[in-house]
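Chemist: model_28.cif is reproduced in full below (mmCIF, C-alpha atoms).
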```cif
data_final
loop_
_atom_site.label_atom_id
_atom_site.label_comp_id
_atom_site.auth_asym_id
_atom_site.auth_seq_id
_atom_site.Cartn_x
_atom_site.Cartn_y
_atom_site.Cartn_z
CA MET A 24 29.85 34.54 15.72
CA ASN A 25 28.85 33.78 19.24
CA SER A 26 30.42 30.49 20.26
CA SER A 27 27.80 29.88 22.96
CA ILE A 28 25.14 29.15 20.32
CA ALA A 29 25.40 25.47 19.52
CA MET A 30 24.38 24.21 16.11
CA PRO A 31 22.26 21.07 16.14
CA LEU A 32 24.37 18.03 15.37
CA SER A 33 21.73 16.52 13.09
CA THR A 34 21.93 19.36 10.54
CA THR A 35 25.70 19.13 10.09
CA THR A 36 25.99 15.34 9.79
CA ARG A 37 22.71 14.60 8.05
CA ARG A 38 23.01 12.73 4.75
CA SER A 39 20.36 11.87 2.23
CA ARG A 40 19.00 8.33 2.34
CA TRP A 41 17.88 8.31 -1.29
CA PRO A 42 21.09 6.82 -2.72
CA LEU A 43 20.84 3.91 -0.28
CA VAL A 44 17.14 3.39 -1.02
CA LEU A 45 17.78 3.57 -4.78
CA ALA A 46 20.67 1.09 -4.56
CA THR A 47 18.52 -1.29 -2.52
CA MET A 48 15.70 -1.07 -5.06
CA VAL A 49 18.08 -1.72 -7.96
CA LEU A 50 19.57 -4.75 -6.16
CA LEU A 51 16.08 -6.08 -5.44
CA ALA A 52 15.11 -5.65 -9.10
CA LEU A 53 18.25 -7.43 -10.31
CA GLY A 54 17.71 -10.22 -7.81
CA ALA A 55 14.11 -10.64 -8.97
CA VAL A 56 15.23 -10.78 -12.62
CA LEU A 57 17.92 -13.37 -11.82
CA LEU A 58 15.40 -15.41 -9.86
CA ALA A 59 12.94 -15.30 -12.75
CA TRP A 60 15.73 -16.21 -15.23
CA GLY A 61 16.62 -19.28 -13.17
CA ALA A 62 12.98 -20.27 -12.92
CA LEU A 63 12.52 -19.94 -16.68
CA SER A 64 15.57 -22.10 -17.37
CA ALA A 65 14.34 -24.88 -15.10
CA VAL A 66 10.75 -25.10 -16.31
CA ASN A 67 9.59 -28.22 -18.13
CA PRO A 68 7.75 -27.99 -21.47
CA ILE A 69 4.10 -27.12 -21.03
CA PRO A 70 1.75 -29.53 -22.84
CA MET A 71 -0.23 -26.86 -24.66
CA ASN A 72 -1.36 -27.16 -28.27
CA VAL A 73 -2.76 -24.27 -30.27
CA THR A 74 -4.59 -25.07 -33.51
CA VAL A 75 -5.90 -22.39 -35.88
CA ASP A 76 -8.06 -23.49 -38.85
CA GLY A 77 -6.81 -27.07 -38.54
CA GLU A 78 -3.14 -26.02 -38.61
CA ARG A 79 -0.99 -26.50 -35.53
CA VAL A 80 0.54 -23.19 -34.55
CA LEU A 81 2.05 -24.24 -31.24
CA ASN A 82 2.85 -27.76 -30.09
CA GLY A 83 4.15 -27.80 -26.52
CA LEU A 84 5.38 -24.52 -25.03
CA ASP A 85 9.02 -24.85 -23.90
CA LEU A 86 10.12 -21.72 -22.05
CA ALA A 87 13.60 -23.12 -21.44
CA ALA A 88 14.19 -23.31 -25.21
CA LEU A 89 13.47 -19.62 -25.80
CA PRO A 90 16.26 -17.48 -27.26
CA PRO A 91 18.28 -15.61 -24.59
CA ALA A 92 16.84 -12.20 -25.54
CA HIS A 93 13.26 -13.47 -25.18
CA LYS A 94 14.14 -15.20 -21.93
CA LEU A 95 15.73 -12.00 -20.59
CA LEU A 96 12.67 -9.94 -21.53
CA LEU A 97 10.33 -12.47 -19.94
CA ALA A 98 12.52 -12.62 -16.81
CA ALA A 99 12.57 -8.81 -16.57
CA LEU A 100 8.79 -8.73 -16.90
CA MET A 101 8.40 -11.38 -14.20
CA GLY A 102 10.82 -9.51 -11.93
CA PHE A 103 8.92 -6.27 -12.47
CA LEU A 104 5.64 -8.00 -11.67
CA MET A 105 7.09 -9.49 -8.47
CA LEU A 106 8.30 -6.07 -7.31
CA ALA A 107 5.01 -4.44 -8.30
CA ALA A 108 3.16 -7.02 -6.22
CA LEU A 109 5.29 -5.96 -3.24
CA VAL A 110 3.84 -2.47 -3.58
CA VAL A 111 0.29 -3.20 -4.75
CA VAL A 112 -0.65 -5.86 -2.17
CA PRO A 113 0.18 -3.78 0.96
CA MET A 114 -1.47 -0.70 -0.55
CA ALA A 115 -4.63 -2.69 -1.30
CA LEU A 116 -4.64 -4.03 2.25
CA LEU A 117 -4.19 -0.52 3.68
CA LEU A 118 -6.96 0.85 1.48
CA SER A 119 -9.38 -1.88 2.52
CA LEU A 120 -8.43 -1.33 6.18
CA ALA A 121 -9.08 2.40 5.81
CA CYS A 122 -12.48 1.72 4.24
CA LEU A 123 -13.29 -0.68 7.07
CA LEU A 124 -12.29 1.96 9.63
CA VAL A 125 -14.49 4.60 7.97
CA ALA A 126 -17.40 2.15 7.89
CA ALA A 127 -16.92 1.26 11.56
CA VAL A 128 -16.83 4.93 12.57
CA ALA A 129 -19.97 5.58 10.54
CA ILE A 130 -21.78 2.56 11.95
CA VAL A 131 -20.89 3.31 15.57
CA GLY A 132 -20.56 7.11 15.42
CA MET A 133 -23.82 8.01 13.73
CA PRO A 134 -26.11 6.27 16.25
CA LEU A 135 -24.11 7.78 19.11
CA LEU A 136 -24.43 11.24 17.56
CA LEU A 137 -28.17 10.71 17.12
CA ALA A 138 -28.51 9.53 20.72
CA PHE A 139 -26.67 12.62 22.02
CA ALA A 140 -28.86 14.89 19.89
CA VAL A 141 -32.06 13.29 21.23
CA LEU A 142 -30.72 13.45 24.79
CA ALA A 143 -29.87 17.15 24.35
CA LEU A 144 -33.34 17.84 22.98
CA VAL A 145 -35.07 15.96 25.82
CA LEU A 146 -32.97 17.61 28.54
CA SER A 147 -33.06 21.14 27.07
CA PRO A 148 -35.88 22.38 29.39
CA LEU A 149 -33.88 21.26 32.44
CA TRP A 150 -30.76 22.98 31.10
CA LEU A 151 -32.75 26.17 30.50
CA ILE A 152 -34.14 26.12 34.07
CA GLY A 153 -30.63 25.47 35.45
CA TRP A 154 -29.15 28.30 33.40
CA LEU A 155 -31.88 30.73 34.53
CA ILE A 156 -31.31 29.79 38.20
CA TRP A 157 -27.54 30.23 37.78
CA LYS A 158 -28.03 33.66 36.17
CA ALA A 159 -30.45 34.69 38.94
CA VAL A 160 -28.03 33.65 41.68
CA ALA A 161 -24.92 35.06 40.00
CA GLY A 162 -26.49 38.29 38.74
#
```
Could the structure of this file be written out as structure tokens, please?
Modeler:
Amino acid sequence: MNSSIAMPLSTTTRRSRWPLVLATMVLLALGAVLLAWGALSAVNPIPMNVTVDGERVLNGLDLAALPPAHKLLLAALMGFLMLAALVVVPMALLLSLACLLVAAVAIVGMPLLLAFAVLALVLSPLWLIGWLIWKAVAG
């Protein structure tokens, strides 16, 4: 091969970023689950009573007294919901901003387009006279 042709440095040393992104997401998920687990263990009993047909079904909800498997499932669900909120909230804000931008363009752009169309219609006889004079002089 010709040694004068230099290969771009970025193609030879480029690595994929997906393993780093995936590891970061897994660590964030585990951190959210651990945070939710700690919050569930520290919560005080909730004074909630559920009565069905005169029989007490639930008397005071104590999340700290749940079995470990139930607590782990609840903590995983809370962690998932926290991470989902990190995605859903910015996307909802971006979508509302995009709708606002489209509305602003429509509100400002349509009257301007209408004004230019009316101006073109009003000035069309002058443009026709100018074009005829230019053709007469040039031709």
Chemist: Considering only C-alpha atoms, can you say which of A:Ile69, A:Ile152, A:Met101, A:Ala107 comes closest to Met48 in chain A?
Modeler: A:Ala107
Chemist: In Å, with one decimal, what is the gap from CA of Met71 in chain A to CA of Leu84 in chain A?
Modeler: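 For CA of Met71 in chain A relative to CA of Leu84 in chain A, the distance reads 6.1 Å.
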Chemist: Tell me which of A:Leu50, A:Met133, A:Leu149, A:Ala62 sits closest to Lys94 in chain A, counting only C-alpha atoms.
Modeler: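 The answer is A:Ala62, which sits nearest to Lys94 in chain A.
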Chemist: Hey, which of A:Ala121, A:Val145, A:Pro68, A:Leu96 ends up closest to Gly83 in chain A? Count only C-alpha atoms.
Modeler: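 Between A:Ala121, A:Val145, A:Pro68, A:Leu96, the residue approaching Gly83 in chain A most closely is A:Pro68.
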Chemist: May I ask for the distance between CA of Met114 in chain A and CA of Leu45 in chain A, given in Å to one decimal place?
Modeler: 20.2 Å
Chemist: Might you pull out every residue within 10 Å of Leu51 in chain A, with all atoms listed in the file counted and same-chain residues fewer than 6 positions away left off, and present them as a list of chain:residue names?
Modeler: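 The filter keeps A:Leu45, A:Leu57, A:Gly102, A:Leu106.
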Chemist: Show me, as JSON, the centre and edge lengths in Å to one decimal of the axis-aligned box that covers every listed atom of range 156-161 of chain A with 5 Å on each side.
Modeler:
```
{"center_x": -28.1, "center_y": 32.4, "center_z": 38.9, "size_x": 16.4, "size_y": 15.3, "size_z": 15.5}
```
Chemist: Could you tell me which of A:Val125, A:Leu137, A:Ala108, A:Val66 comes closest to Ala87 in chain A if we count all atoms listed in the file?
Modeler: A:Val66
Chemist: Residue by residue, what does the PyMOL selection byres ((chain A and resi 95) around 12) grab here? Present the result as a ChimeraX atom specification.
Modeler: /A:53,55-64,86-87,89-94,96-102
Chemist: Could you tell me how far CA of Cys122 in chain A sits from CA of Phe139 in chain A, in Å to one decimal place?
Modeler: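 Taking CA of Phe139 in chain A as the start and CA of Cys122 in chain A as the end point, the length is 25.2 Å.
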Chemist: Could range 93-128 of chain A be completed with N, CA and C atoms and returned as a compact mmCIF listing (two decimals), in the coordinates of the input?
Modeler:
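This went into part-v8.txt:
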```txt
# COMPACT_ATOMS: atom_id res chain seq x y z
N HIS A 93 14.66 -13.29 -25.60
CA HIS A 93 13.26 -13.47 -25.18
C HIS A 93 13.19 -13.89 -23.72
N LYS A 94 14.12 -14.75 -23.32
CA LYS A 94 14.14 -15.20 -21.93
C LYS A 94 14.46 -14.04 -20.99
N LEU A 95 15.39 -13.16 -21.41
CA LEU A 95 15.73 -12.00 -20.59
C LEU A 95 14.54 -11.04 -20.47
N LEU A 96 13.83 -10.82 -21.57
CA LEU A 96 12.67 -9.94 -21.53
C LEU A 96 11.57 -10.52 -20.64
N LEU A 97 11.34 -11.82 -20.77
CA LEU A 97 10.33 -12.47 -19.94
C LEU A 97 10.74 -12.45 -18.46
N ALA A 98 12.04 -12.67 -18.19
CA ALA A 98 12.52 -12.62 -16.81
C ALA A 98 12.41 -11.22 -16.23
N ALA A 99 12.70 -10.19 -17.05
CA ALA A 99 12.57 -8.81 -16.57
C ALA A 99 11.12 -8.48 -16.28
N LEU A 100 10.22 -8.95 -17.13
CA LEU A 100 8.79 -8.73 -16.90
C LEU A 100 8.33 -9.43 -15.62
N MET A 101 8.77 -10.66 -15.43
CA MET A 101 8.40 -11.38 -14.20
C MET A 101 8.98 -10.70 -12.96
N GLY A 102 10.22 -10.23 -13.06
CA GLY A 102 10.82 -9.51 -11.93
C GLY A 102 10.08 -8.23 -11.62
N PHE A 103 9.70 -7.49 -12.67
CA PHE A 103 8.92 -6.27 -12.47
C PHE A 103 7.59 -6.58 -11.81
N LEU A 104 6.93 -7.65 -12.25
CA LEU A 104 5.64 -8.00 -11.67
C LEU A 104 5.78 -8.43 -10.21
N MET A 105 6.87 -9.12 -9.87
CA MET A 105 7.09 -9.49 -8.47
C MET A 105 7.28 -8.25 -7.60
N LEU A 106 8.08 -7.29 -8.09
CA LEU A 106 8.30 -6.07 -7.31
C LEU A 106 7.04 -5.20 -7.26
N ALA A 107 6.26 -5.20 -8.32
CA ALA A 107 5.01 -4.44 -8.30
C ALA A 107 4.03 -5.05 -7.31
N ALA A 108 4.04 -6.36 -7.19
CA ALA A 108 3.16 -7.02 -6.22
C ALA A 108 3.55 -6.64 -4.79
N LEU A 109 4.85 -6.38 -4.56
CA LEU A 109 5.29 -5.96 -3.24
C LEU A 109 4.74 -4.59 -2.87
N VAL A 110 4.40 -3.79 -3.85
CA VAL A 110 3.84 -2.47 -3.58
C VAL A 110 2.31 -2.51 -3.60
N VAL A 111 1.74 -3.22 -4.56
CA VAL A 111 0.29 -3.20 -4.75
C VAL A 111 -0.44 -3.93 -3.63
N VAL A 112 0.06 -5.07 -3.20
CA VAL A 112 -0.65 -5.86 -2.17
C VAL A 112 -0.75 -5.10 -0.85
N PRO A 113 0.35 -4.55 -0.30
CA PRO A 113 0.18 -3.78 0.96
C PRO A 113 -0.70 -2.55 0.80
N MET A 114 -0.62 -1.88 -0.36
CA MET A 114 -1.47 -0.70 -0.55
C MET A 114 -2.94 -1.10 -0.62
N ALA A 115 -3.24 -2.22 -1.25
CA ALA A 115 -4.63 -2.69 -1.30
C ALA A 115 -5.12 -3.06 0.09
N LEU A 116 -4.26 -3.68 0.88
CA LEU A 116 -4.64 -4.03 2.25
C LEU A 116 -4.88 -2.77 3.09
N LEU A 117 -4.01 -1.76 2.94
CA LEU A 117 -4.19 -0.52 3.68
C LEU A 117 -5.47 0.21 3.25
N LEU A 118 -5.75 0.20 1.96
CA LEU A 118 -6.96 0.85 1.48
C LEU A 118 -8.22 0.15 2.00
N SER A 119 -8.21 -1.16 2.00
CA SER A 119 -9.38 -1.88 2.52
C SER A 119 -9.51 -1.68 4.03
N LEU A 120 -8.38 -1.59 4.74
CA LEU A 120 -8.43 -1.33 6.18
C LEU A 120 -8.96 0.07 6.45
N ALA A 121 -8.57 1.03 5.64
CA ALA A 121 -9.08 2.40 5.81
C ALA A 121 -10.58 2.47 5.55
N CYS A 122 -11.04 1.76 4.52
CA CYS A 122 -12.48 1.72 4.24
C CYS A 122 -13.24 1.05 5.38
N LEU A 123 -12.67 0.01 5.94
CA LEU A 123 -13.29 -0.68 7.07
C LEU A 123 -13.36 0.24 8.28
N LEU A 124 -12.31 1.02 8.51
CA LEU A 124 -12.29 1.96 9.63
C LEU A 124 -13.35 3.05 9.45
N VAL A 125 -13.46 3.57 8.24
CA VAL A 125 -14.49 4.60 7.97
C VAL A 125 -15.89 4.02 8.18
N ALA A 126 -16.09 2.79 7.72
CA ALA A 126 -17.40 2.15 7.89
C ALA A 126 -17.70 1.92 9.37
N ALA A 127 -16.70 1.49 10.13
CA ALA A 127 -16.92 1.26 11.56
C ALA A 127 -17.24 2.56 12.29
N VAL A 128 -16.54 3.63 11.94
CA VAL A 128 -16.83 4.93 12.57
C VAL A 128 -18.23 5.38 12.20
```
